[in-house]
file structure.txt (compact mmCIF, N, CA and C atoms)
# COMPACT_ATOMS: atom_id res chain seq x y z
N MET A 1 -95.84 -12.89 -17.82
CA MET A 1 -96.36 -12.90 -19.17
C MET A 1 -97.38 -14.02 -19.30
N HIS A 2 -98.49 -13.72 -19.95
CA HIS A 2 -99.54 -14.72 -20.16
C HIS A 2 -99.65 -15.05 -21.63
N ALA A 3 -100.05 -16.28 -21.91
CA ALA A 3 -100.24 -16.71 -23.29
C ALA A 3 -101.42 -15.96 -23.90
N ASP A 4 -101.42 -15.82 -25.21
CA ASP A 4 -102.48 -15.12 -25.94
C ASP A 4 -103.57 -16.12 -26.33
N PRO A 5 -104.79 -16.01 -25.75
CA PRO A 5 -105.87 -16.97 -26.04
C PRO A 5 -106.48 -16.82 -27.42
N ARG A 6 -106.08 -15.78 -28.17
CA ARG A 6 -106.68 -15.59 -29.50
C ARG A 6 -106.32 -16.71 -30.47
N GLY A 7 -105.30 -17.48 -30.18
CA GLY A 7 -104.91 -18.59 -31.05
C GLY A 7 -105.78 -19.83 -30.88
N LEU A 8 -106.66 -19.81 -29.89
CA LEU A 8 -107.54 -20.96 -29.66
C LEU A 8 -108.74 -20.89 -30.59
N ASN A 9 -109.17 -22.06 -31.06
CA ASN A 9 -110.40 -22.08 -31.86
C ASN A 9 -111.60 -21.97 -30.90
N ALA A 10 -112.78 -21.84 -31.47
CA ALA A 10 -113.99 -21.62 -30.65
C ALA A 10 -114.22 -22.74 -29.65
N ARG A 11 -114.04 -23.98 -30.05
CA ARG A 11 -114.25 -25.12 -29.15
C ARG A 11 -113.24 -25.10 -28.01
N GLU A 12 -111.97 -24.83 -28.35
CA GLU A 12 -110.93 -24.77 -27.31
C GLU A 12 -111.22 -23.65 -26.31
N GLN A 13 -111.69 -22.51 -26.79
CA GLN A 13 -112.04 -21.41 -25.90
C GLN A 13 -113.20 -21.79 -24.99
N GLN A 14 -114.19 -22.49 -25.58
CA GLN A 14 -115.35 -22.93 -24.79
C GLN A 14 -114.91 -23.87 -23.67
N VAL A 15 -114.10 -24.87 -24.00
CA VAL A 15 -113.63 -25.84 -23.00
C VAL A 15 -112.77 -25.14 -21.95
N ALA A 16 -111.87 -24.27 -22.37
CA ALA A 16 -111.03 -23.55 -21.42
C ALA A 16 -111.89 -22.71 -20.48
N GLY A 17 -112.94 -22.09 -21.01
CA GLY A 17 -113.86 -21.32 -20.18
C GLY A 17 -114.55 -22.18 -19.14
N TRP A 18 -114.99 -23.38 -19.55
CA TRP A 18 -115.63 -24.30 -18.59
C TRP A 18 -114.64 -24.73 -17.51
N ILE A 19 -113.40 -24.99 -17.92
CA ILE A 19 -112.37 -25.37 -16.93
C ILE A 19 -112.18 -24.21 -15.95
N GLY A 20 -112.18 -22.98 -16.49
CA GLY A 20 -112.05 -21.80 -15.64
C GLY A 20 -113.19 -21.67 -14.65
N LEU A 21 -114.36 -22.22 -15.00
CA LEU A 21 -115.51 -22.19 -14.09
C LEU A 21 -115.50 -23.35 -13.10
N GLY A 22 -114.45 -24.20 -13.19
CA GLY A 22 -114.30 -25.29 -12.24
C GLY A 22 -115.00 -26.57 -12.62
N ARG A 23 -115.45 -26.68 -13.87
CA ARG A 23 -116.13 -27.90 -14.29
C ARG A 23 -115.11 -29.01 -14.54
N SER A 24 -115.49 -30.24 -14.23
CA SER A 24 -114.59 -31.38 -14.42
C SER A 24 -114.53 -31.77 -15.89
N ILE A 25 -113.46 -32.46 -16.24
CA ILE A 25 -113.31 -32.95 -17.62
C ILE A 25 -114.48 -33.87 -17.98
N LYS A 26 -114.89 -34.71 -17.04
CA LYS A 26 -116.01 -35.62 -17.29
C LYS A 26 -117.29 -34.83 -17.59
N GLU A 27 -117.56 -33.80 -16.79
CA GLU A 27 -118.75 -32.98 -16.98
C GLU A 27 -118.67 -32.23 -18.31
N ILE A 28 -117.50 -31.71 -18.65
CA ILE A 28 -117.32 -31.01 -19.92
C ILE A 28 -117.54 -31.97 -21.09
N GLY A 29 -116.97 -33.16 -21.00
CA GLY A 29 -117.15 -34.15 -22.07
C GLY A 29 -118.60 -34.52 -22.25
N TYR A 30 -119.30 -34.74 -21.15
CA TYR A 30 -120.72 -35.09 -21.22
C TYR A 30 -121.51 -33.96 -21.87
N THR A 31 -121.24 -32.74 -21.45
CA THR A 31 -121.94 -31.58 -22.00
C THR A 31 -121.69 -31.46 -23.50
N MET A 32 -120.44 -31.66 -23.92
CA MET A 32 -120.10 -31.55 -25.34
C MET A 32 -120.81 -32.63 -26.16
N VAL A 33 -120.86 -33.84 -25.64
CA VAL A 33 -121.53 -34.93 -26.36
C VAL A 33 -123.02 -34.66 -26.47
N VAL A 34 -123.63 -34.22 -25.38
CA VAL A 34 -125.06 -33.91 -25.39
C VAL A 34 -125.35 -32.81 -26.41
N GLN A 35 -124.51 -31.76 -26.42
CA GLN A 35 -124.69 -30.67 -27.37
C GLN A 35 -124.52 -31.15 -28.81
N ALA A 36 -123.52 -31.98 -29.05
CA ALA A 36 -123.28 -32.49 -30.40
C ALA A 36 -124.44 -33.37 -30.86
N ALA A 37 -124.93 -34.23 -29.98
CA ALA A 37 -126.06 -35.09 -30.34
C ALA A 37 -127.30 -34.26 -30.63
N ALA A 38 -127.56 -33.26 -29.81
CA ALA A 38 -128.72 -32.39 -30.03
C ALA A 38 -128.58 -31.64 -31.35
N GLY A 39 -127.37 -31.17 -31.64
CA GLY A 39 -127.13 -30.48 -32.91
C GLY A 39 -127.34 -31.39 -34.10
N ALA A 40 -126.86 -32.63 -34.00
CA ALA A 40 -127.04 -33.60 -35.08
C ALA A 40 -128.53 -33.89 -35.29
N GLN A 41 -129.25 -34.10 -34.18
CA GLN A 41 -130.70 -34.34 -34.28
C GLN A 41 -131.40 -33.18 -34.98
N ARG A 42 -131.06 -31.97 -34.56
CA ARG A 42 -131.70 -30.78 -35.12
C ARG A 42 -131.40 -30.65 -36.62
N LYS A 43 -130.13 -30.79 -36.98
CA LYS A 43 -129.73 -30.65 -38.38
C LYS A 43 -130.33 -31.73 -39.27
N LEU A 44 -130.53 -32.92 -38.71
CA LEU A 44 -131.11 -34.03 -39.48
C LEU A 44 -132.62 -34.08 -39.38
N GLY A 45 -133.22 -33.17 -38.62
CA GLY A 45 -134.67 -33.12 -38.50
C GLY A 45 -135.24 -34.28 -37.70
N MET A 46 -134.47 -34.78 -36.74
CA MET A 46 -134.90 -35.90 -35.92
C MET A 46 -135.36 -35.40 -34.57
N GLU A 47 -136.42 -35.99 -34.05
CA GLU A 47 -136.98 -35.54 -32.78
C GLU A 47 -136.39 -36.27 -31.57
N THR A 48 -135.87 -37.47 -31.77
CA THR A 48 -135.39 -38.25 -30.62
C THR A 48 -134.00 -38.82 -30.87
N ARG A 49 -133.32 -39.15 -29.76
CA ARG A 49 -132.02 -39.83 -29.87
C ARG A 49 -132.19 -41.23 -30.44
N ALA A 50 -133.36 -41.83 -30.21
CA ALA A 50 -133.61 -43.17 -30.77
C ALA A 50 -133.57 -43.11 -32.30
N GLU A 51 -134.13 -42.05 -32.88
CA GLU A 51 -134.06 -41.90 -34.34
C GLU A 51 -132.61 -41.75 -34.79
N LEU A 52 -131.83 -40.97 -34.05
CA LEU A 52 -130.43 -40.76 -34.38
C LEU A 52 -129.66 -42.07 -34.29
N ALA A 53 -129.90 -42.85 -33.23
CA ALA A 53 -129.23 -44.14 -33.06
C ALA A 53 -129.59 -45.09 -34.19
N ALA A 54 -130.86 -45.15 -34.55
CA ALA A 54 -131.29 -46.04 -35.62
C ALA A 54 -130.66 -45.63 -36.94
N PHE A 55 -130.60 -44.34 -37.19
CA PHE A 55 -130.05 -43.83 -38.45
C PHE A 55 -128.58 -44.20 -38.61
N PHE A 56 -127.80 -44.10 -37.50
CA PHE A 56 -126.36 -44.33 -37.58
C PHE A 56 -125.93 -45.72 -37.13
N SER A 57 -126.87 -46.62 -36.82
CA SER A 57 -126.48 -47.98 -36.44
C SER A 57 -125.76 -48.62 -37.63
N PRO A 58 -124.96 -49.67 -37.39
CA PRO A 58 -124.14 -50.25 -38.46
C PRO A 58 -124.90 -50.63 -39.73
N SER A 59 -126.13 -51.05 -39.60
CA SER A 59 -126.89 -51.39 -40.80
C SER A 59 -128.09 -50.45 -40.98
N GLY A 60 -128.02 -49.29 -40.33
CA GLY A 60 -129.10 -48.32 -40.43
C GLY A 60 -129.07 -47.56 -41.73
N PRO A 61 -129.98 -46.62 -41.87
CA PRO A 61 -130.12 -45.86 -43.11
C PRO A 61 -128.84 -45.19 -43.58
N ARG A 62 -128.04 -44.64 -42.68
CA ARG A 62 -126.81 -43.96 -43.11
C ARG A 62 -125.90 -44.91 -43.86
N ALA A 63 -125.84 -46.16 -43.41
CA ALA A 63 -125.00 -47.15 -44.08
C ALA A 63 -125.56 -47.53 -45.45
N CYS A 64 -126.84 -47.27 -45.66
CA CYS A 64 -127.49 -47.64 -46.92
C CYS A 64 -127.58 -46.48 -47.91
N LEU A 65 -127.02 -45.35 -47.56
CA LEU A 65 -127.08 -44.19 -48.45
C LEU A 65 -125.89 -44.17 -49.40
N ALA A 66 -126.14 -43.72 -50.60
CA ALA A 66 -125.10 -43.56 -51.59
C ALA A 66 -125.12 -42.13 -52.09
N GLU A 67 -123.94 -41.59 -52.40
CA GLU A 67 -123.86 -40.24 -52.92
C GLU A 67 -123.97 -40.30 -54.44
N LEU A 68 -124.78 -39.42 -54.98
CA LEU A 68 -125.03 -39.38 -56.41
C LEU A 68 -124.85 -37.95 -56.90
N ALA A 69 -124.08 -37.78 -57.97
CA ALA A 69 -123.91 -36.45 -58.56
C ALA A 69 -124.92 -36.32 -59.70
N LEU A 70 -125.72 -35.27 -59.63
CA LEU A 70 -126.75 -35.05 -60.65
C LEU A 70 -126.83 -33.56 -60.95
N ALA A 71 -126.55 -33.20 -62.17
CA ALA A 71 -126.59 -31.80 -62.61
C ALA A 71 -125.76 -30.91 -61.68
N GLY A 72 -124.58 -31.37 -61.32
CA GLY A 72 -123.70 -30.59 -60.48
C GLY A 72 -124.04 -30.60 -59.00
N GLU A 73 -125.10 -31.27 -58.62
CA GLU A 73 -125.51 -31.37 -57.21
C GLU A 73 -125.11 -32.73 -56.68
N HIS A 74 -124.72 -32.78 -55.43
CA HIS A 74 -124.40 -34.05 -54.78
C HIS A 74 -125.58 -34.43 -53.89
N LEU A 75 -126.18 -35.57 -54.19
CA LEU A 75 -127.36 -36.04 -53.46
C LEU A 75 -127.05 -37.34 -52.74
N LEU A 76 -127.71 -37.55 -51.60
CA LEU A 76 -127.66 -38.83 -50.92
C LEU A 76 -128.97 -39.55 -51.22
N VAL A 77 -128.88 -40.78 -51.69
CA VAL A 77 -130.08 -41.54 -52.02
C VAL A 77 -130.04 -42.89 -51.32
N GLY A 78 -131.22 -43.43 -51.02
CA GLY A 78 -131.31 -44.74 -50.40
C GLY A 78 -132.69 -44.95 -49.81
N SER A 79 -132.95 -46.16 -49.39
CA SER A 79 -134.20 -46.48 -48.69
C SER A 79 -133.91 -47.60 -47.71
N TRP A 80 -134.77 -47.74 -46.69
CA TRP A 80 -134.55 -48.74 -45.66
C TRP A 80 -135.84 -48.98 -44.89
N PRO A 81 -135.98 -50.15 -44.29
CA PRO A 81 -137.12 -50.40 -43.39
C PRO A 81 -136.79 -49.82 -42.01
N MET A 82 -137.81 -49.50 -41.22
CA MET A 82 -137.58 -49.00 -39.87
C MET A 82 -136.96 -50.06 -38.97
N ALA A 83 -137.26 -51.32 -39.22
CA ALA A 83 -136.71 -52.39 -38.39
C ALA A 83 -136.48 -53.62 -39.24
N ASP A 84 -135.47 -54.36 -38.90
CA ASP A 84 -135.18 -55.62 -39.57
C ASP A 84 -136.27 -56.61 -39.18
N PRO A 85 -137.06 -57.13 -40.14
CA PRO A 85 -138.14 -58.05 -39.80
C PRO A 85 -137.68 -59.26 -38.99
N ALA A 86 -136.46 -59.72 -39.22
CA ALA A 86 -135.95 -60.88 -38.47
C ALA A 86 -135.86 -60.57 -36.98
N ARG A 87 -135.63 -59.31 -36.63
CA ARG A 87 -135.52 -58.92 -35.23
C ARG A 87 -136.89 -58.86 -34.53
N LEU A 88 -137.96 -58.81 -35.32
CA LEU A 88 -139.30 -58.73 -34.75
C LEU A 88 -139.90 -60.11 -34.48
N GLN A 89 -139.27 -61.16 -35.02
CA GLN A 89 -139.77 -62.51 -34.80
C GLN A 89 -139.70 -62.83 -33.30
N GLY A 90 -140.71 -63.47 -32.81
CA GLY A 90 -140.75 -63.82 -31.40
C GLY A 90 -141.42 -62.76 -30.54
N LEU A 91 -141.75 -61.63 -31.15
CA LEU A 91 -142.47 -60.59 -30.42
C LEU A 91 -143.96 -60.73 -30.70
N SER A 92 -144.76 -60.49 -29.70
CA SER A 92 -146.21 -60.53 -29.89
C SER A 92 -146.63 -59.35 -30.76
N PRO A 93 -147.82 -59.42 -31.36
CA PRO A 93 -148.31 -58.26 -32.14
C PRO A 93 -148.33 -56.98 -31.29
N ALA A 94 -148.71 -57.10 -30.02
CA ALA A 94 -148.73 -55.92 -29.14
C ALA A 94 -147.31 -55.36 -28.96
N GLU A 95 -146.33 -56.24 -28.76
CA GLU A 95 -144.95 -55.78 -28.60
C GLU A 95 -144.42 -55.16 -29.88
N GLN A 96 -144.81 -55.71 -31.03
CA GLN A 96 -144.39 -55.12 -32.30
C GLN A 96 -144.99 -53.72 -32.45
N ALA A 97 -146.25 -53.55 -32.06
CA ALA A 97 -146.89 -52.23 -32.14
C ALA A 97 -146.19 -51.25 -31.20
N VAL A 98 -145.86 -51.70 -30.00
CA VAL A 98 -145.16 -50.85 -29.04
C VAL A 98 -143.77 -50.49 -29.58
N ALA A 99 -143.07 -51.45 -30.17
CA ALA A 99 -141.75 -51.17 -30.74
C ALA A 99 -141.84 -50.09 -31.81
N ALA A 100 -142.84 -50.20 -32.68
CA ALA A 100 -143.01 -49.20 -33.74
C ALA A 100 -143.27 -47.82 -33.14
N LEU A 101 -144.10 -47.77 -32.11
CA LEU A 101 -144.40 -46.48 -31.48
C LEU A 101 -143.20 -45.92 -30.73
N LEU A 102 -142.40 -46.79 -30.11
CA LEU A 102 -141.18 -46.35 -29.44
C LEU A 102 -140.21 -45.75 -30.46
N LEU A 103 -140.06 -46.43 -31.60
CA LEU A 103 -139.16 -45.92 -32.64
C LEU A 103 -139.64 -44.59 -33.19
N ALA A 104 -140.94 -44.38 -33.18
CA ALA A 104 -141.50 -43.12 -33.67
C ALA A 104 -141.39 -42.01 -32.62
N GLY A 105 -140.94 -42.35 -31.41
CA GLY A 105 -140.74 -41.35 -30.38
C GLY A 105 -141.95 -41.09 -29.49
N SER A 106 -142.94 -41.96 -29.54
CA SER A 106 -144.14 -41.77 -28.71
C SER A 106 -143.83 -41.95 -27.23
N THR A 107 -144.54 -41.20 -26.40
CA THR A 107 -144.44 -41.39 -24.96
C THR A 107 -145.35 -42.57 -24.57
N GLN A 108 -145.19 -43.06 -23.35
CA GLN A 108 -146.05 -44.16 -22.91
C GLN A 108 -147.50 -43.71 -22.85
N ALA A 109 -147.73 -42.46 -22.46
CA ALA A 109 -149.11 -41.94 -22.43
C ALA A 109 -149.70 -41.91 -23.84
N ASP A 110 -148.90 -41.47 -24.80
CA ASP A 110 -149.37 -41.44 -26.20
C ASP A 110 -149.68 -42.86 -26.69
N MET A 111 -148.79 -43.79 -26.36
CA MET A 111 -149.00 -45.18 -26.79
C MET A 111 -150.28 -45.75 -26.18
N ALA A 112 -150.50 -45.46 -24.91
CA ALA A 112 -151.70 -45.97 -24.24
C ALA A 112 -152.96 -45.43 -24.92
N ARG A 113 -152.99 -44.13 -25.19
CA ARG A 113 -154.15 -43.53 -25.87
C ARG A 113 -154.31 -44.12 -27.27
N HIS A 114 -153.23 -44.22 -28.01
CA HIS A 114 -153.27 -44.75 -29.38
C HIS A 114 -153.77 -46.19 -29.42
N ARG A 115 -153.35 -46.98 -28.44
CA ARG A 115 -153.68 -48.40 -28.44
C ARG A 115 -154.92 -48.72 -27.61
N GLY A 116 -155.45 -47.74 -26.89
CA GLY A 116 -156.65 -47.96 -26.08
C GLY A 116 -156.43 -48.87 -24.88
N VAL A 117 -155.25 -48.75 -24.27
CA VAL A 117 -154.93 -49.54 -23.08
C VAL A 117 -154.40 -48.59 -22.01
N SER A 118 -154.15 -49.11 -20.82
CA SER A 118 -153.63 -48.28 -19.74
C SER A 118 -152.13 -48.05 -19.92
N GLU A 119 -151.65 -46.99 -19.27
CA GLU A 119 -150.20 -46.73 -19.31
C GLU A 119 -149.44 -47.86 -18.64
N ARG A 120 -150.04 -48.45 -17.60
CA ARG A 120 -149.38 -49.58 -16.92
C ARG A 120 -149.20 -50.75 -17.88
N THR A 121 -150.24 -51.02 -18.71
CA THR A 121 -150.14 -52.10 -19.70
C THR A 121 -149.01 -51.81 -20.68
N VAL A 122 -148.93 -50.56 -21.14
CA VAL A 122 -147.85 -50.17 -22.06
C VAL A 122 -146.50 -50.33 -21.38
N ALA A 123 -146.39 -49.90 -20.12
CA ALA A 123 -145.13 -50.02 -19.39
C ALA A 123 -144.70 -51.49 -19.30
N ASN A 124 -145.65 -52.38 -19.02
CA ASN A 124 -145.35 -53.81 -18.96
C ASN A 124 -144.91 -54.34 -20.32
N GLN A 125 -145.57 -53.90 -21.38
CA GLN A 125 -145.20 -54.35 -22.73
C GLN A 125 -143.82 -53.83 -23.12
N VAL A 126 -143.51 -52.59 -22.74
CA VAL A 126 -142.19 -52.04 -23.03
C VAL A 126 -141.13 -52.86 -22.32
N GLN A 127 -141.36 -53.16 -21.03
CA GLN A 127 -140.38 -53.95 -20.27
C GLN A 127 -140.22 -55.35 -20.86
N GLY A 128 -141.33 -55.97 -21.27
CA GLY A 128 -141.26 -57.29 -21.90
C GLY A 128 -140.49 -57.24 -23.21
N LEU A 129 -140.72 -56.21 -23.98
CA LEU A 129 -140.01 -56.01 -25.25
C LEU A 129 -138.51 -55.83 -24.98
N TYR A 130 -138.17 -54.96 -24.04
CA TYR A 130 -136.77 -54.74 -23.70
C TYR A 130 -136.11 -56.04 -23.24
N ARG A 131 -136.81 -56.79 -22.39
CA ARG A 131 -136.27 -58.05 -21.86
C ARG A 131 -136.01 -59.03 -23.00
N LYS A 132 -136.98 -59.18 -23.91
CA LYS A 132 -136.82 -60.13 -25.02
C LYS A 132 -135.68 -59.75 -25.94
N LEU A 133 -135.46 -58.46 -26.12
CA LEU A 133 -134.41 -58.00 -27.05
C LEU A 133 -133.10 -57.69 -26.34
N GLY A 134 -133.08 -57.81 -25.01
CA GLY A 134 -131.85 -57.59 -24.26
C GLY A 134 -131.37 -56.15 -24.26
N VAL A 135 -132.31 -55.20 -24.20
CA VAL A 135 -131.94 -53.79 -24.19
C VAL A 135 -132.53 -53.11 -22.95
N HIS A 136 -132.07 -51.88 -22.70
CA HIS A 136 -132.54 -51.15 -21.52
C HIS A 136 -132.99 -49.73 -21.85
N SER A 137 -133.03 -49.38 -23.14
CA SER A 137 -133.42 -48.01 -23.50
C SER A 137 -133.95 -47.97 -24.92
N ARG A 138 -134.60 -46.86 -25.25
CA ARG A 138 -135.10 -46.66 -26.62
C ARG A 138 -133.96 -46.61 -27.62
N VAL A 139 -132.86 -45.97 -27.21
CA VAL A 139 -131.71 -45.86 -28.11
C VAL A 139 -131.17 -47.25 -28.44
N ALA A 140 -131.01 -48.08 -27.43
CA ALA A 140 -130.52 -49.44 -27.66
C ALA A 140 -131.53 -50.24 -28.48
N LEU A 141 -132.82 -50.04 -28.23
CA LEU A 141 -133.86 -50.72 -29.01
C LEU A 141 -133.74 -50.35 -30.48
N ALA A 142 -133.60 -49.06 -30.75
CA ALA A 142 -133.48 -48.61 -32.14
C ALA A 142 -132.26 -49.24 -32.81
N ALA A 143 -131.15 -49.28 -32.11
CA ALA A 143 -129.93 -49.87 -32.69
C ALA A 143 -130.11 -51.36 -32.95
N VAL A 144 -130.70 -52.09 -31.99
CA VAL A 144 -130.89 -53.54 -32.14
C VAL A 144 -131.85 -53.85 -33.29
N LEU A 145 -132.92 -53.09 -33.39
CA LEU A 145 -133.91 -53.36 -34.44
C LEU A 145 -133.39 -53.01 -35.83
N GLN A 146 -132.36 -52.19 -35.92
CA GLN A 146 -131.76 -51.86 -37.21
C GLN A 146 -130.71 -52.87 -37.64
N MET A 147 -130.14 -53.63 -36.69
CA MET A 147 -129.11 -54.61 -37.03
C MET A 147 -129.69 -55.72 -37.90
N ARG A 148 -128.94 -56.13 -38.84
CA ARG A 148 -129.35 -57.25 -39.68
C ARG A 148 -128.97 -58.54 -39.00
N ALA A 149 -129.89 -59.49 -39.01
CA ALA A 149 -129.60 -60.80 -38.42
C ALA A 149 -128.52 -61.45 -39.26
N GLY A 150 -127.65 -62.18 -38.61
CA GLY A 150 -126.61 -62.77 -39.42
C GLY A 150 -125.73 -63.69 -38.73
call {"tool": "encode", "arguments": {"input": "structure.txt", "output": "structure tokens"}}
result
Amino acid sequence: MHADPRGLNAREQQVAGWIGLGRSIKEIGYTMVVQAAAGAQRKLGMETRAELAAFFSPSGPRACLAELALAGEHLLVGSWPMADPARLQGLSPAEQAVAALLLAGSTQADMARHRGVSERTVANQVQGLYRKLGVHSRVALAAVLQMRAG
């Protein structure tokens, strides 16, 4: 006698199917997280994971939103800067420009064209920016720049 799989919800069926295909729990977990992040980005109209990270960082826009009931509708309201100005202190004007373009999701080629410099120059500025802020990725940069100094 076999158990009846109809009692499983859609997610449980999906995971059980992946296990049946021989995928590891680690691989399944990674796939589920990637899918969830992509779904969140799509639903929120965000193009990059850096935008998602900045939005949900502890002092990011999500933390600054308030729910408001108006004429029977529930609205989220709030405003925020893209980066905490205190976090930009100590960065050169070029690094600040690169940080803004990174947060906007620009590629290094786009940044080079926009700024009228070589891609190598942009790559060096990105590495200098990452080094100064102690990060290793755009996602970490977005989170650090959203944190309030304190």
call {"tool": "residues_around", "arguments": {"input": "structure.txt", "residues": "region 102-113 of chain A", "least_positions_apart": "5", "cutoff": "8 Å", "atoms": "only N, CA and C atoms", "output": "ChimeraX atom specification"}}
result
/A:47-51,82,96-97,118-123,138,141-142
call {"tool": "select_by_dssp", "arguments": {"input": "structure.txt", "residues": "chain A", "states": "helix (DSSP H, G or I)", "output": "NGL selection string"}}
result
:A and (5-7 or 10-20 or 25-44 or 49-56 or 61-64 or 85-88 or 93-103 or 108-115 or 119-133 or 138-146)
call {"tool": "atom_distance", "arguments": {"input": "structure.txt", "atom1": "atom C of Val135 (chain A)", "atom2": "atom C of Ala53 (chain A)"}}
result
14.1 Å
call {"tool": "atom_distance", "arguments": {"input": "structure.txt", "atom1": "CA of Gly116 (chain A)", "atom2": "CA of Leu88 (chain A)"}}
result
22.2 Å
call {"tool": "atom_distance", "arguments": {"input": "structure.txt", "atom1": "atom C of Ala71 (chain A)", "atom2": "atom N of Gly45 (chain A)"}}
result
24.3 Å
call {"tool": "select_by_dssp", "arguments": {"input": "structure.txt", "residues": "chain A", "states": "strand (DSSP E)", "output": "number ranges by chain"}}
result
A: 66-70, 73-77
call {"tool": "write_last_selection", "arguments": {"input": "structure.txt", "atoms": "N, CA and C atoms", "output": "PDB file, in the frame of the given file"}}
result
ATOM      1  N   ALA A  66    -126.140 -43.720 -50.600  1.00  0.00           N
ATOM      2  CA  ALA A  66    -125.100 -43.560 -51.590  1.00  0.00           C
ATOM      3  C   ALA A  66    -125.120 -42.130 -52.090  1.00  0.00           C
ATOM      4  N   GLU A  67    -123.940 -41.590 -52.400  1.00  0.00           N
ATOM      5  CA  GLU A  67    -123.860 -40.240 -52.920  1.00  0.00           C
ATOM      6  C   GLU A  67    -123.970 -40.300 -54.440  1.00  0.00           C
ATOM      7  N   LEU A  68    -124.780 -39.420 -54.980  1.00  0.00           N
ATOM      8  CA  LEU A  68    -125.030 -39.380 -56.410  1.00  0.00           C
ATOM      9  C   LEU A  68    -124.850 -37.950 -56.900  1.00  0.00           C
ATOM     10  N   ALA A  69    -124.080 -37.780 -57.970  1.00  0.00           N
ATOM     11  CA  ALA A  69    -123.910 -36.450 -58.560  1.00  0.00           C
ATOM     12  C   ALA A  69    -124.920 -36.320 -59.700  1.00  0.00           C
ATOM     13  N   LEU A  70    -125.720 -35.270 -59.630  1.00  0.00           N
ATOM     14  CA  LEU A  70    -126.750 -35.050 -60.650  1.00  0.00           C
ATOM     15  C   LEU A  70    -126.830 -33.560 -60.950  1.00  0.00           C
ATOM     16  N   GLU A  73    -125.100 -31.270 -58.620  1.00  0.00           N
ATOM     17  CA  GLU A  73    -125.510 -31.370 -57.210  1.00  0.00           C
ATOM     18  C   GLU A  73    -125.110 -32.730 -56.680  1.00  0.00           C
ATOM     19  N   HIS A  74    -124.720 -32.780 -55.430  1.00  0.00           N
ATOM     20  CA  HIS A  74    -124.400 -34.050 -54.780  1.00  0.00           C
ATOM     21  C   HIS A  74    -125.580 -34.430 -53.890  1.00  0.00           C
ATOM     22  N   LEU A  75    -126.180 -35.570 -54.190  1.00  0.00           N
ATOM     23  CA  LEU A  75    -127.360 -36.040 -53.460  1.00  0.00           C
ATOM     24  C   LEU A  75    -127.050 -37.340 -52.740  1.00  0.00           C
ATOM     25  N   LEU A  76    -127.710 -37.550 -51.600  1.00  0.00           N
ATOM     26  CA  LEU A  76    -127.660 -38.830 -50.920  1.00  0.00           C
ATOM     27  C   LEU A  76    -128.970 -39.550 -51.220  1.00  0.00           C
ATOM     28  N   VAL A  77    -128.880 -40.780 -51.690  1.00  0.00           N
ATOM     29  CA  VAL A  77    -130.080 -41.540 -52.020  1.00  0.00           C
ATOM     30  C   VAL A  77    -130.040 -42.890 -51.320  1.00  0.00           C
TER      31      VAL A  77
END
call {"tool": "axis_aligned_box", "arguments": {"input": "structure.txt", "around": "region 118-136 of chain A", "padding_each_side": "8 Å", "output": "AutoDock Vina command-line options"}}
result
--center_x -142.8 --center_y -53.4 --center_z -22.0 --size_x 38.8 --size_y 29.4 --size_z 26.1
call {"tool": "closest_residue", "arguments": {"input": "structure.txt", "among": "A:Ala143, A:Ala36, A:Val77, A:Ile25", "to": "Pro58 (chain A)", "atoms": "all atoms listed in the file"}}
result
A:Ala143
call {"tool": "residues_near_point", "arguments": {"input": "structure.txt", "point": "(-118.5, -27.8, -18.0)", "cutoff": "6 Å", "atoms": "all atoms listed in the file", "output": "NGL selection string"}}
result
:A and (18-19 or 23-24 or 27-28)
call {"tool": "write_last_selection", "arguments": {"input": "structure.txt", "atoms": "N, CA and C atoms", "output": "PDB file, in the coordinates of the input"}}
result
ATOM      1  N   TRP A  18    -114.990 -23.380 -19.550  1.00  0.00           N
ATOM      2  CA  TRP A  18    -115.630 -24.300 -18.590  1.00  0.00           C
ATOM      3  C   TRP A  18    -114.640 -24.730 -17.510  1.00  0.00           C
ATOM      4  N   ILE A  19    -113.400 -24.990 -17.920  1.00  0.00           N
ATOM      5  CA  ILE A  19    -112.370 -25.370 -16.930  1.00  0.00           C
ATOM      6  C   ILE A  19    -112.180 -24.210 -15.950  1.00  0.00           C
ATOM      7  N   ARG A  23    -115.450 -26.680 -13.870  1.00  0.00           N
ATOM      8  CA  ARG A  23    -116.130 -27.900 -14.290  1.00  0.00           C
ATOM      9  C   ARG A  23    -115.110 -29.010 -14.540  1.00  0.00           C
ATOM     10  N   SER A  24    -115.490 -30.240 -14.230  1.00  0.00           N
ATOM     11  CA  SER A  24    -114.590 -31.380 -14.420  1.00  0.00           C
ATOM     12  C   SER A  24    -114.530 -31.770 -15.890  1.00  0.00           C
ATOM     13  N   GLU A  27    -117.560 -33.800 -16.790  1.00  0.00           N
ATOM     14  CA  GLU A  27    -118.750 -32.980 -16.980  1.00  0.00           C
ATOM     15  C   GLU A  27    -118.670 -32.230 -18.310  1.00  0.00           C
ATOM     16  N   ILE A  28    -117.500 -31.710 -18.650  1.00  0.00           N
ATOM     17  CA  ILE A  28    -117.320 -31.010 -19.920  1.00  0.00           C
ATOM     18  C   ILE A  28    -117.540 -31.970 -21.090  1.00  0.00           C
TER      19      ILE A  28
END
